[in-house]
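Q: Here you go, run_38.cif (mmCIF, C-alpha atoms and all ligand atoms):
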```cif
data_coords
#
loop_
_atom_site.label_atom_id
_atom_site.label_comp_id
_atom_site.auth_asym_id
_atom_site.auth_seq_id
_atom_site.Cartn_x
_atom_site.Cartn_y
_atom_site.Cartn_z
CA MET H 1 -53.81 149.08 153.84
CA PRO H 2 -54.84 147.90 157.37
CA GLN H 3 -58.51 147.91 158.37
CA ILE H 4 -59.96 150.86 160.26
CA PRO H 5 -59.73 149.84 163.93
CA SER H 6 -63.03 148.77 165.53
CA PRO H 7 -64.47 150.72 168.50
CA GLU H 8 -63.73 147.69 170.71
CA ILE H 9 -60.07 147.62 169.80
CA ILE H 10 -59.79 151.40 170.23
CA ASP H 11 -61.28 151.01 173.73
CA GLU H 12 -58.80 148.26 174.53
CA ALA H 13 -55.95 150.55 173.49
CA VAL H 14 -57.27 153.61 175.34
CA ASN H 15 -57.63 151.61 178.54
CA ALA H 16 -53.99 150.58 178.43
CA PHE H 17 -52.67 154.13 178.97
CA CYS H 18 -52.23 156.26 182.10
CA LEU H 19 -54.77 158.97 181.37
CA LYS H 20 -56.20 161.76 183.51
CA GLY H 21 -59.96 161.33 183.75
CA ALA H 22 -62.38 158.94 182.11
CA PRO H 23 -62.19 158.41 178.32
CA LYS H 24 -65.27 159.94 176.65
CA ASN H 25 -64.66 160.03 172.93
CA THR H 26 -62.16 159.23 170.19
CA LEU H 27 -62.45 161.05 166.86
CA PRO H 28 -60.34 160.65 163.68
CA TYR H 29 -57.99 163.62 163.54
CA GLY H 30 -55.53 165.46 161.27
CA ASN H 31 -54.27 164.98 157.71
CA GLY H 32 -51.24 162.70 158.08
CA HIS H 33 -50.54 160.23 155.27
CA ILE H 34 -49.04 157.50 157.47
CA ASN H 35 -50.45 156.80 160.94
CA ASP H 36 -54.09 156.57 162.10
CA THR H 37 -54.53 159.56 164.35
CA PHE H 38 -57.36 160.18 166.83
CA LEU H 39 -58.25 162.96 169.20
CA LEU H 40 -58.96 161.29 172.51
CA ILE H 41 -61.11 163.26 174.92
CA CYS H 42 -61.23 162.37 178.61
CA GLU H 43 -63.20 164.05 181.36
CA GLU H 44 -62.14 164.74 184.91
CA GLY H 45 -64.28 166.73 187.36
CA GLY H 46 -66.29 168.27 184.51
CA LYS H 47 -63.11 169.34 182.70
CA GLU H 48 -61.90 167.99 179.37
CA LYS H 49 -58.42 166.53 179.03
CA LYS H 50 -57.28 165.85 175.48
CA TYR H 51 -54.73 163.43 174.05
CA ILE H 52 -53.51 162.32 170.65
CA LEU H 53 -53.95 158.57 170.19
CA GLN H 54 -52.17 156.99 167.23
CA ARG H 55 -52.15 153.56 165.73
CA MET H 56 -48.68 153.34 164.31
CA ASN H 57 -48.27 152.21 160.73
CA THR H 58 -46.30 149.02 161.22
CA SER H 59 -46.23 148.08 157.56
CA ILE H 60 -44.05 151.18 157.13
CA PHE H 61 -42.35 151.28 160.53
CA LYS H 62 -41.37 147.65 160.97
CA ASN H 63 -39.97 148.05 164.46
CA PRO H 64 -42.40 150.16 166.51
CA CYS H 65 -40.59 149.32 169.74
CA ALA H 66 -37.29 150.81 168.46
CA LEU H 67 -39.18 153.72 166.95
CA MET H 68 -40.82 154.58 170.26
CA GLU H 69 -37.48 154.28 172.02
CA ASN H 70 -36.19 156.98 169.64
CA VAL H 71 -39.24 159.18 170.18
CA ALA H 72 -39.16 158.81 173.99
CA ASN H 73 -35.42 159.50 174.19
CA VAL H 74 -35.47 162.43 171.77
CA THR H 75 -38.47 164.07 173.47
CA THR H 76 -36.91 163.61 176.93
CA TYR H 77 -33.75 165.29 175.59
CA LEU H 78 -35.77 168.09 173.96
CA ARG H 79 -37.68 168.71 177.23
CA LYS H 80 -34.35 169.33 178.94
CA VAL H 81 -33.06 171.69 176.22
CA ILE H 82 -36.37 173.59 176.10
CA SER H 83 -36.49 173.95 179.91
CA GLU H 84 -32.91 175.24 179.97
CA LYS H 85 -33.87 177.86 177.39
CA GLY H 86 -36.80 178.95 179.60
CA GLY H 87 -39.45 177.45 177.28
CA ASN H 88 -42.51 175.36 178.10
CA PRO H 89 -41.62 171.67 177.61
CA ASP H 90 -45.29 170.59 177.82
CA ARG H 91 -46.10 172.61 174.69
CA GLU H 92 -42.87 172.96 172.74
CA THR H 93 -42.19 169.26 172.26
CA LEU H 94 -44.26 166.11 171.99
CA ASN H 95 -44.69 164.29 175.31
CA VAL H 96 -45.15 160.54 175.35
CA VAL H 97 -47.85 159.23 177.72
CA LYS H 98 -46.85 155.87 179.16
CA THR H 99 -49.02 152.79 179.47
CA LYS H 100 -50.18 151.58 182.87
CA SER H 101 -47.26 149.15 182.81
CA GLY H 102 -44.76 151.92 182.08
CA GLU H 103 -44.19 151.27 178.37
CA ASN H 104 -43.99 153.84 175.56
CA TYR H 105 -46.56 151.97 173.45
CA TYR H 106 -49.26 149.32 173.71
CA GLU H 107 -49.63 146.23 171.54
CA ASP H 108 -53.29 145.22 171.40
CA SER H 109 -54.76 141.74 171.09
CA LEU H 110 -54.78 142.08 167.27
CA HIS H 111 -51.11 143.17 167.25
CA ASN H 112 -51.78 146.80 166.44
CA PHE H 113 -49.29 149.18 168.07
CA TRP H 114 -50.65 152.27 169.79
CA ARG H 115 -49.14 155.35 171.41
CA VAL H 116 -50.48 158.43 173.16
CA PHE H 117 -49.12 161.98 173.27
CA LEU H 118 -50.27 164.95 175.31
CA PHE H 119 -52.54 167.01 173.07
CA ILE H 120 -51.11 170.45 172.49
CA ASP H 121 -54.11 172.73 172.73
CA ASP H 122 -54.70 176.13 171.14
CA THR H 123 -52.60 175.25 168.13
CA VAL H 124 -53.23 174.85 164.42
CA CYS H 125 -51.57 172.86 161.74
CA LEU H 126 -51.23 174.62 158.39
CA GLU H 127 -51.87 172.77 155.14
CA LYS H 128 -50.74 175.91 153.32
CA ALA H 129 -48.68 178.90 154.41
CA GLU H 130 -50.95 181.86 155.06
CA SER H 131 -48.07 184.32 154.77
CA GLY H 132 -44.31 184.56 154.29
CA GLN H 133 -44.13 185.02 158.04
CA ASP H 134 -45.47 181.45 158.53
CA LEU H 135 -42.69 180.05 156.39
CA TYR H 136 -40.08 182.23 158.02
CA ASP H 137 -41.24 180.97 161.44
CA SER H 138 -41.26 177.36 160.31
CA GLY H 139 -37.71 177.85 158.97
CA VAL H 140 -36.58 179.15 162.34
CA ALA H 141 -38.34 176.19 163.99
CA PHE H 142 -36.92 173.45 161.75
CA GLY H 143 -33.43 175.01 161.75
CA GLY H 144 -33.72 175.35 165.53
CA PHE H 145 -34.86 171.74 165.88
CA GLN H 146 -31.67 170.59 164.16
CA GLN H 147 -29.69 172.90 166.44
CA MET H 148 -31.36 171.57 169.61
CA LEU H 149 -30.36 168.05 168.57
CA ALA H 150 -26.86 168.98 167.42
CA ASP H 151 -25.25 167.24 170.42
CA TYR H 152 -27.71 164.36 170.62
CA PRO H 153 -25.80 161.04 170.48
CA ALA H 154 -26.69 160.10 166.91
CA ASP H 155 -25.31 156.56 167.20
CA THR H 156 -28.03 155.73 169.78
CA LEU H 157 -30.81 156.44 167.26
CA HIS H 158 -32.43 153.52 165.47
CA GLU H 159 -32.78 153.98 161.73
CA THR H 160 -36.59 153.70 161.57
CA ILE H 161 -36.73 153.56 157.77
CA PRO H 162 -33.39 152.58 156.26
CA LEU H 163 -32.28 154.70 153.27
CA PHE H 164 -35.24 157.04 153.84
CA HIS H 165 -33.84 159.95 151.81
CA HIS H 166 -31.28 157.99 149.82
CA THR H 167 -32.51 159.28 146.47
CA PRO H 168 -30.60 156.71 144.32
CA SER H 169 -32.35 153.89 146.26
CA ARG H 170 -35.69 155.62 145.83
CA PHE H 171 -34.90 155.84 142.10
CA ARG H 172 -34.15 152.10 141.97
CA ASP H 173 -37.45 151.36 143.75
CA PHE H 174 -39.24 153.62 141.29
CA LYS H 175 -37.72 151.83 138.28
CA GLN H 176 -38.69 148.50 139.82
CA ALA H 177 -42.30 149.69 140.20
CA VAL H 178 -42.32 150.74 136.53
CA ALA H 179 -40.89 147.35 135.50
CA ASP H 180 -43.36 145.38 137.65
CA ASP H 181 -46.36 147.55 136.74
CA PRO H 182 -48.69 145.14 138.59
CA LEU H 183 -51.89 147.06 137.73
CA GLY H 184 -50.99 147.90 134.14
CA ARG H 185 -51.02 151.62 134.91
CA ALA H 186 -47.59 152.53 133.51
CA HIS H 187 -48.68 153.18 129.90
CA GLN H 188 -51.11 155.89 131.08
CA VAL H 189 -48.33 157.82 132.82
CA GLN H 190 -45.45 157.49 130.37
CA ALA H 191 -44.86 161.27 130.30
CA GLU H 192 -44.41 161.33 134.10
CA ILE H 193 -42.16 158.24 133.99
CA ASP H 194 -40.02 159.87 131.29
CA PHE H 195 -39.76 163.07 133.32
CA ALA H 196 -38.43 161.09 136.27
CA LEU H 197 -36.04 158.93 134.22
CA ALA H 198 -34.55 162.00 132.50
CA ARG H 199 -33.29 163.26 135.86
CA GLU H 200 -31.43 160.14 136.98
CA ALA H 201 -28.11 162.03 137.03
CA ASP H 202 -29.42 164.37 139.74
CA THR H 203 -30.32 161.55 142.10
CA ARG H 204 -26.74 161.18 143.36
CA ALA H 205 -26.09 164.90 143.84
CA LEU H 206 -26.24 164.77 147.65
CA THR H 207 -25.46 161.15 148.51
CA ASP H 208 -22.18 161.20 146.56
CA LEU H 209 -20.99 164.19 148.60
CA LEU H 210 -22.11 162.53 151.82
CA GLU H 211 -20.21 159.37 150.92
CA LYS H 212 -17.10 161.43 150.15
CA GLY H 213 -17.40 163.08 153.58
CA GLU H 214 -18.06 166.50 152.04
CA LEU H 215 -21.44 166.92 153.71
CA PRO H 216 -21.90 166.37 157.47
CA LEU H 217 -24.34 163.81 158.80
CA ARG H 218 -26.57 165.46 161.43
CA VAL H 219 -29.57 164.46 163.51
CA THR H 220 -32.43 165.65 161.33
CA HIS H 221 -36.23 165.41 161.31
CA ASN H 222 -36.53 164.12 157.74
CA ASP H 223 -40.27 164.86 157.34
CA THR H 224 -40.45 168.64 157.61
CA LYS H 225 -43.85 169.15 156.02
CA LEU H 226 -45.61 172.30 157.14
CA ASN H 227 -48.35 170.21 158.76
CA ASN H 228 -45.74 168.63 161.02
CA ILE H 229 -45.49 171.90 162.94
CA LEU H 230 -48.08 173.13 165.41
CA PHE H 231 -48.54 176.92 165.37
CA ASP H 232 -49.74 178.69 168.51
CA VAL H 233 -53.14 180.24 167.74
CA LYS H 234 -52.49 183.17 170.09
CA THR H 235 -48.91 184.14 169.17
CA LYS H 236 -49.18 182.74 165.58
CA LYS H 237 -45.61 181.43 166.07
CA ALA H 238 -44.37 177.95 165.22
CA LEU H 239 -44.61 176.24 168.59
CA CYS H 240 -43.88 172.53 168.35
CA ILE H 241 -42.36 170.17 165.81
CA ILE H 242 -44.32 166.92 165.69
CA ASP H 243 -44.21 163.63 163.76
CA LEU H 244 -40.84 162.47 165.08
CA ASP H 245 -41.02 158.98 163.53
CA THR H 246 -38.21 159.71 161.10
CA VAL H 247 -35.80 161.61 163.37
CA MET H 248 -32.55 159.95 162.27
CA PRO H 249 -29.10 160.89 161.10
CA GLY H 250 -29.54 162.75 157.81
CA LEU H 251 -28.59 165.84 155.85
CA SER H 252 -29.68 169.36 156.76
CA LEU H 253 -30.60 169.67 153.08
CA TYR H 254 -33.31 167.04 153.50
CA ASP H 255 -35.06 169.14 156.13
CA PHE H 256 -34.65 172.32 154.14
CA GLY H 257 -35.82 170.73 150.90
CA ASP H 258 -38.86 168.93 152.26
CA THR H 259 -40.40 172.12 153.65
CA ILE H 260 -39.84 173.97 150.40
CA ARG H 261 -41.53 171.25 148.34
CA PHE H 262 -44.67 171.43 150.47
CA GLY H 263 -44.68 174.90 152.01
CA ALA H 264 -43.34 177.07 149.16
CA SER H 265 -45.59 175.57 146.50
CA THR H 266 -48.34 177.81 145.18
CA GLY H 267 -50.85 174.96 145.44
CA ALA H 268 -51.82 171.89 147.40
CA GLU H 269 -49.75 168.70 147.21
CA ASP H 270 -52.64 166.92 145.43
CA GLU H 271 -53.91 169.83 143.29
CA ARG H 272 -55.33 168.56 139.99
CA ASP H 273 -55.09 171.87 138.15
CA LEU H 274 -51.38 172.00 137.45
CA SER H 275 -51.59 175.61 136.25
CA LYS H 276 -51.91 176.44 139.95
CA ILE H 277 -48.60 174.78 140.85
CA GLY H 278 -45.25 176.52 140.95
CA LEU H 279 -42.52 177.61 143.31
CA ASP H 280 -43.41 180.80 145.16
CA LEU H 281 -40.04 182.57 145.33
CA SER H 282 -41.11 184.89 148.12
CA LEU H 283 -42.10 181.92 150.30
CA TYR H 284 -38.85 180.19 149.33
CA GLU H 285 -36.94 183.28 150.40
CA ALA H 286 -38.85 183.56 153.68
CA PHE H 287 -38.16 179.93 154.57
CA THR H 288 -34.49 180.16 153.57
CA ASP H 289 -34.09 183.24 155.74
CA GLY H 290 -35.75 181.54 158.73
CA PHE H 291 -33.90 178.26 158.28
CA LEU H 292 -30.49 179.95 158.11
CA LYS H 293 -31.34 181.89 161.28
CA GLY H 294 -32.58 178.74 163.01
CA CYS H 295 -29.38 176.88 162.09
CA ALA H 296 -27.50 179.78 163.70
CA GLY H 297 -24.41 179.68 161.50
CA SER H 298 -23.89 175.94 161.83
CA LEU H 299 -24.28 175.10 158.12
CA THR H 300 -21.04 174.66 156.18
CA PRO H 301 -20.54 176.78 153.02
CA GLN H 302 -21.07 173.63 150.96
CA GLU H 303 -24.40 172.86 152.68
CA THR H 304 -25.55 176.43 152.21
CA ALA H 305 -24.65 176.44 148.52
CA LEU H 306 -26.58 173.20 148.04
CA LEU H 307 -29.86 174.41 149.59
CA PRO H 308 -31.52 174.82 146.14
CA MET H 309 -30.44 171.27 145.26
CA GLY H 310 -31.93 170.07 148.55
CA ALA H 311 -35.25 171.64 147.54
CA LYS H 312 -35.20 170.19 144.04
CA LEU H 313 -34.10 166.73 145.09
CA MET H 314 -36.60 166.34 147.95
CA THR H 315 -39.39 167.42 145.58
CA TYR H 316 -38.21 165.04 142.88
CA GLU H 317 -37.80 162.19 145.40
CA CYS H 318 -41.30 162.68 146.77
CA GLY H 319 -42.61 162.74 143.19
CA ILE H 320 -41.05 159.38 142.33
CA ARG H 321 -42.29 157.92 145.64
CA PHE H 322 -45.88 159.05 144.87
CA LEU H 323 -45.66 157.80 141.28
CA ALA H 324 -44.21 154.43 142.34
CA ASP H 325 -46.99 154.08 144.91
CA TYR H 326 -49.61 154.88 142.26
CA LEU H 327 -48.11 152.20 140.01
CA VAL H 328 -48.10 149.50 142.68
CA GLY H 329 -51.66 150.25 143.85
CA ASP H 330 -51.43 152.93 146.57
CA VAL H 331 -50.04 150.72 149.30
CA TYR H 332 -47.93 153.32 151.15
CA PHE H 333 -49.49 156.82 151.13
CA LYS H 334 -53.11 157.00 152.27
CA ILE H 335 -55.47 158.10 149.52
CA HIS H 336 -58.95 159.56 149.83
CA ARG H 337 -59.80 159.33 146.12
CA GLU H 338 -58.68 157.33 143.07
CA GLY H 339 -55.64 158.78 141.36
CA GLN H 340 -54.62 160.94 144.32
CA ASN H 341 -51.05 159.63 144.39
CA LEU H 342 -50.74 160.32 140.65
CA ASP H 343 -52.00 163.86 141.21
CA ARG H 344 -49.45 164.23 144.00
CA ALA H 345 -46.64 162.99 141.73
CA ARG H 346 -47.70 165.45 139.03
CA THR H 347 -47.58 168.45 141.38
CA GLN H 348 -44.11 167.45 142.52
CA PHE H 349 -42.83 167.15 138.94
CA LYS H 350 -44.43 170.47 137.99
CA LEU H 351 -42.61 172.03 140.94
CA VAL H 352 -39.31 170.45 139.91
CA ALA H 353 -39.72 171.85 136.39
CA ASP H 354 -40.52 175.27 137.83
CA MET H 355 -37.46 175.12 140.10
CA GLU H 356 -35.32 174.34 137.07
CA LYS H 357 -36.69 177.51 135.42
CA LYS H 358 -36.12 179.57 138.55
CA TRP H 359 -32.73 178.04 139.44
CA ARG H 360 -30.83 181.29 139.05
CA GLU H 361 -33.21 183.16 141.38
CA MET H 362 -33.09 180.29 143.90
CA THR H 363 -29.29 180.37 144.07
CA ASP H 364 -29.19 184.20 144.15
CA ILE H 365 -31.56 184.25 147.13
CA VAL H 366 -29.34 181.81 149.05
CA SER H 367 -26.20 183.85 148.24
CA ARG H 368 -27.88 187.07 149.32
CA LEU H 369 -29.14 185.65 152.63
CA SER H 370 -26.07 183.71 153.68
P1 LIG F 401 -48.63 161.18 160.29
O1 LIG F 401 -47.33 160.45 160.51
O2 LIG F 401 -49.71 160.28 159.81
O3 LIG F 401 -48.41 162.40 159.46
P2 LIG F 401 -48.68 162.95 162.63
O4 LIG F 401 -47.91 162.48 163.81
O5 LIG F 401 -48.08 164.01 161.79
O6 LIG F 401 -49.11 161.67 161.75
O7 LIG F 401 -50.09 163.44 163.17
C1 LIG F 401 -51.18 163.75 162.30
C2 LIG F 401 -51.82 165.06 162.69
O8 LIG F 401 -52.29 164.99 164.07
C3 LIG F 401 -50.89 166.27 162.69
O9 LIG F 401 -50.73 166.81 161.40
C4 LIG F 401 -51.58 167.20 163.68
O10 LIG F 401 -52.68 167.86 163.07
C5 LIG F 401 -52.15 166.25 164.72
N1 LIG F 401 -51.28 166.08 165.92
C6 LIG F 401 -50.31 165.14 166.08
N2 LIG F 401 -49.75 165.22 167.31
C7 LIG F 401 -50.40 166.22 167.96
C8 LIG F 401 -50.32 166.78 169.29
N3 LIG F 401 -49.47 166.30 170.21
N4 LIG F 401 -51.17 167.81 169.63
C9 LIG F 401 -52.06 168.29 168.72
N5 LIG F 401 -52.19 167.81 167.45
C10 LIG F 401 -51.38 166.79 167.07
C1 LIG F 402 -45.51 161.36 154.65
O1 LIG F 402 -46.32 161.32 157.72
P1 LIG F 402 -46.52 162.51 156.85
O2 LIG F 402 -47.88 162.59 156.23
O3 LIG F 402 -46.13 163.75 157.62
C2 LIG F 402 -44.13 160.74 154.44
C3 LIG F 402 -43.14 161.79 153.98
C4 LIG F 402 -43.62 162.43 152.69
C5 LIG F 402 -45.02 163.00 152.92
C6 LIG F 402 -45.62 163.53 151.65
C7 LIG F 402 -42.80 158.33 156.99
O4 LIG F 402 -45.44 162.35 155.66
O5 LIG F 402 -41.88 161.19 153.74
O6 LIG F 402 -42.76 163.47 152.29
O7 LIG F 402 -45.92 161.99 153.44
N1 LIG F 402 -43.69 160.11 155.69
C8 LIG F 402 -43.16 158.88 155.68
O8 LIG F 402 -46.72 164.31 151.93
O9 LIG F 402 -42.98 158.23 154.66
MG MG F 403 -47.38 164.14 159.79
#
```
Please rewrite the model in this file as structure tokens.
A:
Amino acid sequence: MPQIPSPEIIDEAVNAFCLKGAPKNTLPYGNGHINDTFLLICEEGGKEKKYILQRMNTSIFKNPCALMENVANVTTYLRKVISEKGGNPDRETLNVVKTKSGENYYEDSLHNFWRVFLFIDDTVCLEKAESGQDLYDSGVAFGGFQQMLADYPADTLHETIPLFHHTPSRFRDFKQAVADDPLGRAHQVQAEIDFALAREADTRALTDLLEKGELPLRVTHNDTKLNNILFDVKTKKALCIIDLDTVMPGLSLYDFGDTIRFGASTGAEDERDLSKIGLDLSLYEAFTDGFLKGCAGSLTPQETALLPMGAKLMTYECGIRFLADYLVGDVYFKIHREGQNLDRARTQFKLVADMEKKWREMTDIVSRLS
């Protein structure tokens, strides 16, 4: 895990960007697991101007230059689509702030990579759905995001993390982590390892169909956690999809599934009391309804029928990623306490087990809504 950046290096980064007003303060911000995010406050004529400053995680995103090319191109494209629809492109998409030399990012003297976005004010990020309406709105937003990018030239996108949602590869990595077991942790979590191994057959459920050409490759977000949407505090509506680092060609089922695993759970991703964790079918239904509306009839019958599998597989995949990271010493997902990645893996597996119990209801809901 990289060191927390020093105030001097943060100042160096801040000074590289074209900002309105004089920088006053930078404060750690948000609950992301990957990048180091700061709220940057500037002041101009007695007025505050806010930005999001991020140190990109270059041990995960190996090519920050290509990544920022994706983000700049996608957000420029989204600005155009949003303007044409009569929306507000300063608030409904991320906006990249350039450096004084016109670049999308700044590499500091210690080789950290930094970027700045306009801060989207009067918004909140939800760690948990407050109502079915929140999930319905996020479904409309994530389905709509995919729709807005339907004609984006996918072959111009860099693959920022190869095989990101290729579940069989994730399964191989997981088995490797179990075999390596560098910290000797595996024997304490044999039940969780067995749970994961018992579901090997499922891992190919989507990738096989993709390889056979039975599922369409689309431009997808690939990290559709509820806290990657900003909700407008006034209208309470989903306003802006953020965290565009993994926008790449993918399956619509990845975007559907990843929101369900986080947003339709009855508890937090790292809840230790597993009796609190299950799939909330009413939230699942609300999201499915919103997502189908957001996709505006573009999903094929096969994609629609596989939505429950998307939910189960994304939850399972995240579980094996958390468990593998726990085994190798928490090198990928940020932790704030010992054992947090194990707790995260356990919630995901509990959810998978609950989905298996509720499979019939999950498929009935999709049939009824589609
Ligand atoms: P990570 O990849 O680490 O998850 P994100 O890009 O999702 O990082 O950002 C972390 C958090 O910062 C978000 O969950 C959100 O709370 C906040 N955030 C990010 N971008 C903006 C923005 N443009 N305006 C307001 N808040 C933002
Ligand atoms: C990470 O960046 P963030 O916190 O929104 C991860 C996702 C996981 C998620 C689990 C690039 O998302 O894939 O589903 O944590 N992002 C990356 O909470 O690996
Ligand atoms: Mg995020």
Q: One number please: atom CA of Trp114 of chain H to atom CA of Arg79 of chain H, in Å, one decimal.
A: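 Between atom CA of Trp114 of chain H and atom CA of Arg79 of chain H the gap is 22.2 Å.
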Q: Give me, as a Markdown table, each residue of chain H that comes within 10 Å of ligand MG 403 (chain F), together with its shortest interatomic pair and the distance in Å at one decimal, counting all atoms listed in the file, with rows ordered by chain and rising residue number.
A:
```
| residue | atom | partner | partner_atom | distance |
| --- | --- | --- | --- | --- |
| H:Gly30 | CA | F:MG403 | MG | 8.4 |
| H:Asn31 | CA | F:MG403 | MG | 7.2 |
| H:Gly32 | CA | F:MG403 | MG | 4.5 |
| H:His33 | CA | F:MG403 | MG | 6.8 |
| H:Ile34 | CA | F:MG403 | MG | 7.2 |
| H:Asn35 | CA | F:MG403 | MG | 8.0 |
| H:Thr37 | CA | F:MG403 | MG | 9.6 |
| H:Cys125 | CA | F:MG403 | MG | 9.9 |
| H:Asp223 | CA | F:MG403 | MG | 7.6 |
| H:Thr224 | CA | F:MG403 | MG | 8.5 |
| H:Lys225 | CA | F:MG403 | MG | 7.2 |
| H:Leu226 | CA | F:MG403 | MG | 8.8 |
| H:Asn227 | CA | F:MG403 | MG | 6.2 |
| H:Asn228 | CA | F:MG403 | MG | 4.9 |
| H:Ile229 | CA | F:MG403 | MG | 8.6 |
| H:Ile241 | CA | F:MG403 | MG | 9.9 |
| H:Ile242 | CA | F:MG403 | MG | 7.2 |
| H:Asp243 | CA | F:MG403 | MG | 5.1 |
| H:Leu244 | CA | F:MG403 | MG | 8.6 |
| H:Asp245 | CA | F:MG403 | MG | 9.0 |
```
Q: Taking into account all atoms listed in the file, which residue in the set H:Ser298, H:Val97, H:Glu271, H:Leu27 is nearest to Gln340 of chain H?
A: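 Closest residue, counting all atoms listed in the file: H:Glu271.
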Q: Starting from the point (-50.6, 144.1, 169.3), work out which residues of protein, DNA or RNA have an atom no more than 12 Å away when counting all atoms listed in the file; state them as a list of chain:residue names.
A: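 Result, sorted by chain then residue number: H:Ile9, H:Ile10, H:Glu12, H:Ala13, H:Ala16, H:Arg55, H:Met56, H:Thr58, H:Pro64, H:Cys65, H:Tyr105, H:Tyr106, H:Glu107, H:Asp108, H:Ser109, H:Leu110, H:His111, H:Asn112, H:Phe113, H:Trp114, H:Arg115.
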Q: Give me the residues within 12 Å of Gly294 of chain H as a PyMOL selection string, counting only C-alpha atoms and dropping any in the same chain fewer than 5 places off.
A: chain H and resi 136-148+252+256+287-289+299
Q: Please complete segment 86-91 of chain H with all heavy atoms and give it back as an mmCIF file, keeping the file's coordinate frame.
A:
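As written to disk, rebuild.cif reads:
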```cif
data_model
loop_
_atom_site.group_PDB
_atom_site.id
_atom_site.type_symbol
_atom_site.label_atom_id
_atom_site.label_comp_id
_atom_site.auth_asym_id
_atom_site.auth_seq_id
_atom_site.Cartn_x
_atom_site.Cartn_y
_atom_site.Cartn_z
ATOM 1 N N GLY H 86 -35.688 178.204 178.996
ATOM 2 C CA GLY H 86 -36.800 178.950 179.600
ATOM 3 C C GLY H 86 -38.121 178.752 178.874
ATOM 4 O O GLY H 86 -39.069 179.509 179.081
ATOM 5 N N GLY H 87 -38.202 177.719 178.014
ATOM 6 C CA GLY H 87 -39.450 177.450 177.280
ATOM 7 C C GLY H 87 -40.392 176.561 178.081
ATOM 8 O O GLY H 87 -40.117 176.212 179.235
ATOM 9 N N ASN H 88 -41.507 176.206 177.448
ATOM 10 C CA ASN H 88 -42.510 175.360 178.100
ATOM 11 C C ASN H 88 -42.457 173.953 177.493
ATOM 12 O O ASN H 88 -42.968 173.718 176.400
ATOM 13 C CB ASN H 88 -43.897 175.985 177.892
ATOM 14 C CG ASN H 88 -44.999 175.150 178.507
ATOM 15 O OD1 ASN H 88 -44.777 174.011 178.927
ATOM 16 N ND2 ASN H 88 -46.191 175.710 178.555
ATOM 17 N N PRO H 89 -41.825 173.000 178.197
ATOM 18 C CA PRO H 89 -41.620 171.670 177.610
ATOM 19 C C PRO H 89 -42.924 170.879 177.407
ATOM 20 O O PRO H 89 -42.925 169.890 176.674
ATOM 21 C CB PRO H 89 -40.690 170.963 178.602
ATOM 22 C CG PRO H 89 -40.857 171.696 179.880
ATOM 23 C CD PRO H 89 -41.251 173.106 179.539
ATOM 24 N N ASP H 90 -44.029 171.317 178.047
ATOM 25 C CA ASP H 90 -45.290 170.590 177.820
ATOM 26 C C ASP H 90 -45.923 170.981 176.477
ATOM 27 O O ASP H 90 -46.785 170.278 175.971
ATOM 28 C CB ASP H 90 -46.305 170.891 178.929
ATOM 29 C CG ASP H 90 -45.904 170.216 180.229
ATOM 30 O OD1 ASP H 90 -45.049 169.304 180.195
ATOM 31 O OD2 ASP H 90 -46.425 170.623 181.280
ATOM 32 N N ARG H 91 -45.491 172.118 175.942
ATOM 33 C CA ARG H 91 -46.100 172.610 174.690
ATOM 34 C C ARG H 91 -45.118 172.695 173.523
ATOM 35 O O ARG H 91 -45.519 172.728 172.378
ATOM 36 C CB ARG H 91 -46.718 174.013 174.911
ATOM 37 C CG ARG H 91 -48.020 173.961 175.685
ATOM 38 C CD ARG H 91 -48.594 175.338 175.969
ATOM 39 N NE ARG H 91 -48.979 176.122 174.793
ATOM 40 C CZ ARG H 91 -50.034 175.882 174.023
ATOM 41 N NH1 ARG H 91 -50.819 174.860 174.282
ATOM 42 N NH2 ARG H 91 -50.310 176.667 172.992
#
```
